[in-house]
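Note: the block below is target33.tsv and it holds TSV, C-alpha atoms.
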```
chain	number	residue	atom	x	y	z
A	1	MET	CA	8.67	6.22	-23.36
A	2	ASP	CA	11.67	8.43	-22.56
A	3	TYR	CA	13.27	10.71	-19.98
A	4	VAL	CA	15.11	13.77	-21.27
A	5	SER	CA	16.84	16.78	-19.77
A	6	SER	CA	14.87	19.18	-21.99
A	7	ILE	CA	11.96	18.99	-24.38
A	8	ASN	CA	14.17	19.87	-27.34
A	9	GLN	CA	16.42	16.90	-26.55
A	10	PHE	CA	13.65	14.44	-27.45
A	11	THR	CA	13.80	12.80	-30.86
A	12	PRO	CA	11.03	10.37	-31.89
A	13	GLY	CA	12.37	6.87	-32.42
A	14	GLN	CA	15.56	7.54	-30.44
A	15	ARG	CA	15.47	6.80	-26.73
A	16	THR	CA	17.76	8.94	-24.59
A	17	TRP	CA	17.20	7.20	-21.24
A	18	LYS	CA	18.66	3.69	-21.38
A	19	ASP	CA	17.48	2.33	-18.00
A	20	ASP	CA	13.97	1.34	-16.91
A	21	LEU	CA	11.57	4.24	-16.54
A	22	PHE	CA	9.96	4.96	-13.17
A	23	LEU	CA	6.92	6.41	-14.95
A	24	SER	CA	5.64	4.59	-18.02
A	25	ASP	CA	2.05	5.78	-18.41
A	26	ILE	CA	-0.66	8.02	-16.98
A	27	THR	CA	-4.37	7.71	-17.69
A	28	PHE	CA	-6.38	10.94	-17.81
A	29	SER	CA	-10.04	10.63	-16.82
A	30	PRO	CA	-12.78	13.27	-16.57
A	31	GLY	CA	-12.98	15.31	-13.39
A	32	GLY	CA	-9.24	15.66	-12.91
A	33	ILE	CA	-8.77	11.99	-12.04
A	34	GLY	CA	-5.68	10.17	-13.25
A	35	SER	CA	-4.37	6.64	-12.86
A	36	GLY	CA	-3.28	5.70	-9.35
A	37	ALA	CA	-3.09	8.78	-7.14
A	38	TRP	CA	-2.40	11.15	-10.03
A	39	ARG	CA	-4.64	14.20	-10.29
A	40	TRP	CA	-4.62	16.73	-13.07
A	41	SER	CA	-5.85	20.09	-14.23
A	42	LYS	CA	-5.06	21.98	-17.39
A	43	GLY	CA	-1.30	22.20	-17.75
A	44	CYS	CA	-0.27	20.43	-14.53
A	45	LEU	CA	-0.27	17.11	-12.68
A	46	TRP	CA	0.30	16.21	-9.05
A	47	TRP	CA	0.47	13.06	-6.93
A	48	ASP	CA	-2.42	13.20	-4.45
A	49	SER	CA	-0.43	11.75	-1.56
A	50	GLY	CA	2.25	13.25	0.65
A	51	ASP	CA	3.85	16.38	-0.79
A	52	LYS	CA	1.61	17.60	-3.59
A	53	HIS	CA	4.18	19.28	-5.82
A	54	LEU	CA	2.78	20.47	-9.13
A	55	CYS	CA	4.40	19.07	-12.26
A	56	LYS	CA	3.71	21.12	-15.35
A	57	TYR	CA	3.09	19.31	-18.60
A	58	GLU	CA	3.07	20.29	-22.23
A	59	ILE	CA	1.47	18.49	-25.17
A	60	ARG	CA	3.11	18.60	-28.59
A	61	GLU	CA	2.36	17.08	-31.97
A	62	ILE	CA	5.50	15.61	-33.56
A	63	ASP	CA	5.47	13.64	-36.82
A	64	GLY	CA	1.78	12.84	-36.48
A	65	GLU	CA	2.07	11.59	-32.88
A	66	THR	CA	0.85	13.34	-29.73
A	67	TYR	CA	3.44	13.53	-26.95
A	68	LEU	CA	3.10	14.66	-23.36
A	69	PHE	CA	6.19	16.23	-21.78
A	70	LEU	CA	5.89	16.06	-18.00
A	71	GLU	CA	8.18	18.24	-15.90
A	72	TRP	CA	9.55	15.90	-13.21
A	73	VAL	CA	9.76	17.72	-9.88
A	74	ASN	CA	12.01	15.55	-7.70
A	75	GLY	CA	14.18	16.19	-4.65
A	76	ASP	CA	16.97	17.79	-6.66
A	77	VAL	CA	14.52	20.30	-8.11
A	78	ILE	CA	12.82	21.07	-4.79
A	79	ASP	CA	15.81	21.11	-2.44
A	80	ARG	CA	18.68	22.17	-4.69
A	81	GLY	CA	16.94	24.25	-7.29
A	82	ALA	CA	18.08	21.99	-10.13
A	83	LYS	CA	16.48	22.31	-13.53
A	84	PRO	CA	13.75	19.64	-13.95
A	85	SER	CA	13.98	16.90	-16.55
A	86	TYR	CA	11.00	15.60	-18.50
A	87	TYR	CA	9.19	12.31	-18.87
A	88	VAL	CA	7.96	11.80	-22.41
A	89	LEU	CA	4.75	9.83	-22.91
A	90	VAL	CA	2.96	9.16	-26.18
A	91	ARG	CA	-0.82	9.21	-26.43
A	92	GLY	CA	-2.31	5.74	-26.65
A	93	ALA	CA	0.79	3.92	-25.42
A	94	ALA	CA	-0.76	3.13	-22.03
A	95	LYS	CA	-4.06	1.96	-23.43
A	96	ASN	CA	-2.87	-1.48	-24.49
A	97	THR	CA	-1.14	-1.97	-21.15
A	98	ASP	CA	-4.30	-1.06	-19.26
A	99	THR	CA	-6.39	-3.32	-21.47
A	100	SER	CA	-4.09	-6.29	-21.00
A	101	SER	CA	-3.96	-5.73	-17.24
A	102	LEU	CA	-7.74	-5.55	-17.04
A	103	GLY	CA	-8.01	-8.68	-19.16
A	104	LEU	CA	-5.72	-10.53	-16.76
A	105	VAL	CA	-7.68	-9.30	-13.74
A	106	ARG	CA	-10.97	-10.38	-15.28
A	107	ALA	CA	-9.52	-13.76	-16.22
A	108	CYS	CA	-8.45	-14.19	-12.59
A	109	GLY	CA	-11.98	-13.25	-11.56
A	110	VAL	CA	-13.42	-16.01	-13.75
A	111	ILE	CA	-10.91	-18.47	-12.27
A	112	ASN	CA	-11.91	-17.37	-8.76
A	113	ILE	CA	-15.55	-18.08	-9.61
A	114	GLY	CA	-14.59	-21.55	-10.83
A	115	VAL	CA	-12.55	-22.18	-7.69
A	116	GLY	CA	-15.47	-21.05	-5.53
A	117	LEU	CA	-17.85	-23.43	-7.30
A	118	LEU	CA	-15.32	-26.25	-6.86
A	119	PHE	CA	-15.03	-25.53	-3.13
A	120	ILE	CA	-18.82	-25.63	-2.83
A	121	ALA	CA	-19.02	-28.96	-4.66
A	122	ILE	CA	-16.31	-30.44	-2.45
A	123	SER	CA	-17.92	-29.12	0.73
A	124	ILE	CA	-21.45	-30.43	0.18
A	125	PRO	CA	-20.56	-34.08	0.98
A	126	LEU	CA	-18.84	-32.88	4.17
A	127	VAL	CA	-21.93	-30.97	5.26
A	128	LEU	CA	-24.07	-34.05	4.59
A	129	ARG	CA	-21.65	-36.15	6.69
A	130	MET	CA	-21.05	-38.49	3.77
A	131	ILE	CA	-17.25	-38.61	4.05
A	132	PRO	CA	-15.88	-41.01	6.67
A	133	MET	CA	-12.60	-40.48	8.47
A	134	ASN	CA	-9.72	-40.58	5.98
A	135	GLY	CA	-6.33	-39.06	5.29
A	136	LEU	CA	-7.10	-37.31	2.00
A	137	TYR	CA	-10.47	-35.57	2.00
A	138	GLY	CA	-11.83	-33.11	4.55
A	139	PHE	CA	-10.50	-31.05	7.45
A	140	ARG	CA	-7.76	-33.43	8.54
A	141	ILE	CA	-6.66	-31.78	11.76
A	142	PRO	CA	-5.45	-33.94	14.68
A	143	LYS	CA	-8.57	-33.34	16.77
A	144	ALA	CA	-10.80	-34.64	13.98
A	145	PHE	CA	-9.12	-38.06	14.21
A	146	ILE	CA	-9.89	-38.52	17.90
A	147	SER	CA	-13.32	-39.95	17.15
A	148	ALA	CA	-15.83	-40.36	14.35
A	149	GLU	CA	-18.16	-37.94	16.14
A	150	LEU	CA	-15.56	-35.17	16.14
A	151	TRP	CA	-14.64	-35.95	12.54
A	152	TYR	CA	-18.19	-35.46	11.32
A	153	ASP	CA	-18.85	-32.42	13.53
A	154	ILE	CA	-15.68	-30.60	12.46
A	155	ASN	CA	-16.05	-31.42	8.78
A	156	ALA	CA	-19.76	-30.58	8.65
A	157	TYR	CA	-19.07	-27.21	10.26
A	158	GLY	CA	-16.04	-26.62	8.05
A	159	GLY	CA	-18.01	-27.53	4.95
A	160	LYS	CA	-20.70	-24.99	5.82
A	161	GLN	CA	-18.07	-22.30	6.36
A	162	MET	CA	-16.37	-23.12	3.08
A	163	ILE	CA	-19.67	-22.90	1.22
A	164	LEU	CA	-20.50	-19.57	2.87
A	165	TRP	CA	-17.15	-17.96	2.13
A	166	SER	CA	-17.03	-19.45	-1.36
A	167	ILE	CA	-20.35	-17.77	-2.15
A	168	ILE	CA	-18.89	-14.48	-0.89
A	169	MET	CA	-15.76	-15.08	-2.99
A	170	ILE	CA	-17.87	-15.66	-6.09
A	171	ALA	CA	-19.92	-12.52	-5.43
A	172	VAL	CA	-16.81	-10.36	-4.93
A	173	SER	CA	-15.22	-11.79	-8.07
A	174	ILE	CA	-18.32	-11.05	-10.15
A	175	VAL	CA	-18.43	-7.48	-8.86
A	176	GLY	CA	-14.72	-7.10	-9.59
A	177	ILE	CA	-15.07	-8.35	-13.16
A	178	PHE	CA	-17.68	-5.72	-14.00
A	179	LEU	CA	-16.51	-2.78	-11.89
A	180	VAL	CA	-12.72	-2.77	-12.16
A	181	ASN	CA	-11.47	-0.26	-14.72
A	182	ALA	CA	-8.31	1.22	-16.15
A	183	GLN	CA	-8.19	3.89	-13.46
A	184	ALA	CA	-7.92	1.36	-10.64
A	185	SER	CA	-4.68	1.36	-8.67
A	186	LEU	CA	-2.28	-1.58	-8.68
A	187	MET	CA	-3.37	-2.57	-5.17
A	188	ALA	CA	-7.01	-2.56	-6.23
A	189	LEU	CA	-6.23	-4.77	-9.22
A	190	LEU	CA	-4.32	-7.22	-7.03
A	191	ALA	CA	-7.10	-7.22	-4.44
A	192	VAL	CA	-9.71	-8.09	-7.05
A	193	SER	CA	-7.65	-10.69	-8.91
A	194	VAL	CA	-5.74	-12.49	-6.15
A	195	GLY	CA	-7.44	-11.47	-2.91
A	196	PRO	CA	-10.69	-13.48	-3.07
A	197	ALA	CA	-9.03	-16.85	-3.71
A	198	VAL	CA	-6.63	-16.31	-0.81
A	199	ILE	CA	-8.61	-14.40	1.80
A	200	PHE	CA	-12.02	-16.08	1.87
A	201	PRO	CA	-10.94	-19.76	1.97
A	202	THR	CA	-8.42	-18.79	4.65
A	203	ILE	CA	-11.19	-17.23	6.73
A	204	ALA	CA	-13.25	-20.42	6.38
A	205	VAL	CA	-10.32	-22.53	7.61
A	206	ILE	CA	-9.56	-20.21	10.54
A	207	VAL	CA	-13.20	-20.13	11.68
A	208	THR	CA	-13.32	-23.94	11.46
A	209	LEU	CA	-10.14	-24.29	13.51
A	210	ILE	CA	-11.58	-22.01	16.19
A	211	HIS	CA	-14.76	-24.09	16.26
A	212	ALA	CA	-12.77	-27.32	16.51
A	213	ALA	CA	-10.72	-25.97	19.40
A	214	ARG	CA	-13.92	-25.38	21.37
A	215	LEU	CA	-15.23	-28.91	20.90
A	216	GLN	CA	-14.76	-31.34	23.74
A	217	PRO	CA	-13.65	-34.90	22.99
A	218	PRO	CA	-16.37	-37.47	23.70
A	219	GLU	CA	-16.20	-39.19	27.05
A	220	LYS	CA	-14.78	-42.67	26.98
```

Can you give me the file's structure in the form of structure tokens?
Amino acid sequence: MDYVSSINQFTPGQRTWKDDLFLSDITFSPGGIGSGAWRWSKGCLWWDSGDKHLCKYEIREIDGETYLFLEWVNGDVIDRGAKPSYYVLVRGAAKNTDTSSLGLVRACGVINIGVGLLFIAISIPLVLRMIPMNGLYGFRIPKAFISAELWYDINAYGGKQMILWSIIMIAVSIVGIFLVNAQASLMALLAVSVGPAVIFPTIAVIVTLIHAARLQPPEK
């Protein structure tokens, strides 16, 4: 919300810091757990990675709003003994952000499930060897066009791999939809929302390419 040189400098409705804020919200959860790597106890916060410098905080009620003033212990404070400035956060401001982020992640999870089902539907005809050699549909690698036998072998194997990894993608997406929460880190949110649709189909393709490389062309 704001970044001020002292608590008394803060005035509700008037922002002192004009640039983007490095810290925009912190979620406090039971057991001393905060959002990301933040950890907390009564009166202080620290980043549970690298140098764990304690940052004291103070909560004040101003004009009916609850504000948290977080003492920002940076390099100037640690190395040069400078007086710390304060991040100012208002209670409830981060909640909408977390909710919207979670909504986006869960929407991506639903999309991933749909993509997985689509991959399965597309792969079934390949497994059943129903798709003849063509330039549009299937695993169209150079080796598959050497002969009809290689085409069907490669595409049947690739279809099975795509079905397998699509099922895994769907399972991971379902778990992500129900388990991801507001305390998850940014990397965890990205992994749940984007990861399945990228990682698992890629694995299926790589495994199929390895299999194709091991196949011997039919003797003429």

Checklist line | Residue among A:Val73, A:Asp2, A:Phe139, A:Val90 lying closest to Asp19 of chain A, counting only C-alpha atoms | finding: A:Asp2

Item checked: atom CA of Tyr87 of chain A to atom CA of Lys56 of chain A, distance in Å rounded to a single decimal ->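 Between atom CA of Tyr87 of chain A and atom CA of Lys56 of chain A the gap works out to 11.0 Å.
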
Note to self: Between atom CA of Ile78 of chain A and atom CA of Phe28 of chain A, what distance in Å does the model show, to one decimal?
What the structure shows: 25.3 Å

Notebook entry, point to check: Which is closer to Ala144 of chain A than all the others in A:Gly195, A:Gly81, A:Gly176, A:Pro218, using only C-alpha atoms?
Noted result: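 Result for the nearest residue to Ala144 of chain A: A:Pro218.
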
Grab all the atoms of segment 99-118 of chain A that the file lists, wrap them in a box along x, y and z, add 8 Å per side, and give me centre plus edge lengths in Å (one decimal) as lines of an AutoDock Vina configuration file.
```
center_x = -10.9
center_y = -14.8
center_z = -13.5
size_x = 29.9
size_y = 38.9
size_z = 31.9
```

Next item on the list: Take the point (-16.1, -37.5, 10.1) in the file's coordinates, draw a sphere of radius 12 Å around it, and report as a count of residues only every protein, DNA or RNA residue with an atom inside or on it, counting only C-alpha atoms.
Entry: 33

Can I get a file of segment 74-139 of chain A from the given structure, C-alpha atoms kept, as a short mmCIF file (atom, residue, chain, number, x, y, z; two decimals), in the first residue's frame?
```cif
data_model
loop_
_atom_site.label_atom_id
_atom_site.label_comp_id
_atom_site.auth_asym_id
_atom_site.auth_seq_id
_atom_site.Cartn_x
_atom_site.Cartn_y
_atom_site.Cartn_z
CA ASN A 74 17.60 -4.05 4.13
CA GLY A 75 21.31 -3.77 3.37
CA ASP A 76 21.50 -0.13 4.39
CA VAL A 77 20.08 -0.97 7.80
CA ILE A 78 22.29 -4.03 8.34
CA ASP A 79 25.59 -2.79 6.91
CA ARG A 80 25.43 0.96 7.44
CA GLY A 81 23.24 1.24 10.49
CA ALA A 82 20.65 3.33 8.66
CA LYS A 83 17.24 3.87 10.19
CA PRO A 84 14.72 1.39 8.70
CA SER A 85 11.74 2.52 6.66
CA TYR A 86 8.33 0.87 6.85
CA TYR A 87 6.05 -0.97 4.48
CA VAL A 88 2.41 -0.18 5.17
CA LEU A 89 -0.15 -2.90 4.49
CA VAL A 90 -3.87 -2.75 5.15
CA ARG A 91 -5.79 -5.74 6.47
CA GLY A 92 -7.87 -7.43 3.79
CA ALA A 93 -6.09 -5.82 0.85
CA ALA A 94 -4.30 -9.04 -0.11
CA LYS A 95 -7.37 -11.22 0.17
CA ASN A 96 -8.89 -10.23 -3.15
CA THR A 97 -5.54 -10.66 -4.88
CA ASP A 98 -5.12 -14.14 -3.44
CA THR A 99 -8.68 -15.07 -4.37
CA SER A 100 -8.28 -13.89 -7.95
CA SER A 101 -4.96 -15.70 -8.29
CA LEU A 102 -6.46 -18.91 -6.96
CA GLY A 103 -9.41 -18.52 -9.30
CA LEU A 104 -7.05 -18.20 -12.25
CA VAL A 105 -5.04 -21.24 -11.14
CA ARG A 106 -8.18 -23.33 -10.75
CA ALA A 107 -9.48 -22.17 -14.13
CA CYS A 108 -6.17 -23.29 -15.66
CA GLY A 109 -6.61 -26.62 -13.88
CA VAL A 110 -10.02 -27.09 -15.49
CA ILE A 111 -8.53 -26.20 -18.88
CA ASN A 112 -5.74 -28.73 -18.31
CA ILE A 113 -8.34 -31.41 -17.60
CA GLY A 114 -10.12 -30.54 -20.85
CA VAL A 115 -6.84 -30.62 -22.77
CA GLY A 116 -6.01 -34.01 -21.25
CA LEU A 117 -9.38 -35.42 -22.30
CA LEU A 118 -8.85 -34.02 -25.81
CA PHE A 119 -5.42 -35.66 -26.05
CA ILE A 120 -6.94 -38.98 -24.98
CA ALA A 121 -9.70 -38.71 -27.59
CA ILE A 122 -7.17 -37.88 -30.31
CA SER A 123 -4.84 -40.70 -29.26
CA ILE A 124 -7.36 -43.55 -29.21
CA PRO A 125 -7.58 -43.84 -33.05
CA LEU A 126 -3.77 -43.91 -33.18
CA VAL A 127 -3.61 -46.75 -30.67
CA LEU A 128 -6.22 -48.67 -32.67
CA ARG A 129 -4.14 -48.13 -35.84
CA MET A 130 -7.07 -46.45 -37.55
CA ILE A 131 -5.15 -43.47 -38.94
CA PRO A 132 -3.22 -44.12 -42.17
CA MET A 133 -0.07 -42.27 -43.12
CA ASN A 134 -0.83 -38.57 -43.60
CA GLY A 135 0.68 -35.14 -43.14
CA LEU A 136 -1.74 -33.74 -40.57
CA TYR A 137 -2.67 -36.25 -37.87
CA GLY A 138 -0.33 -38.34 -35.72
CA PHE A 139 3.37 -38.44 -34.88
#
```
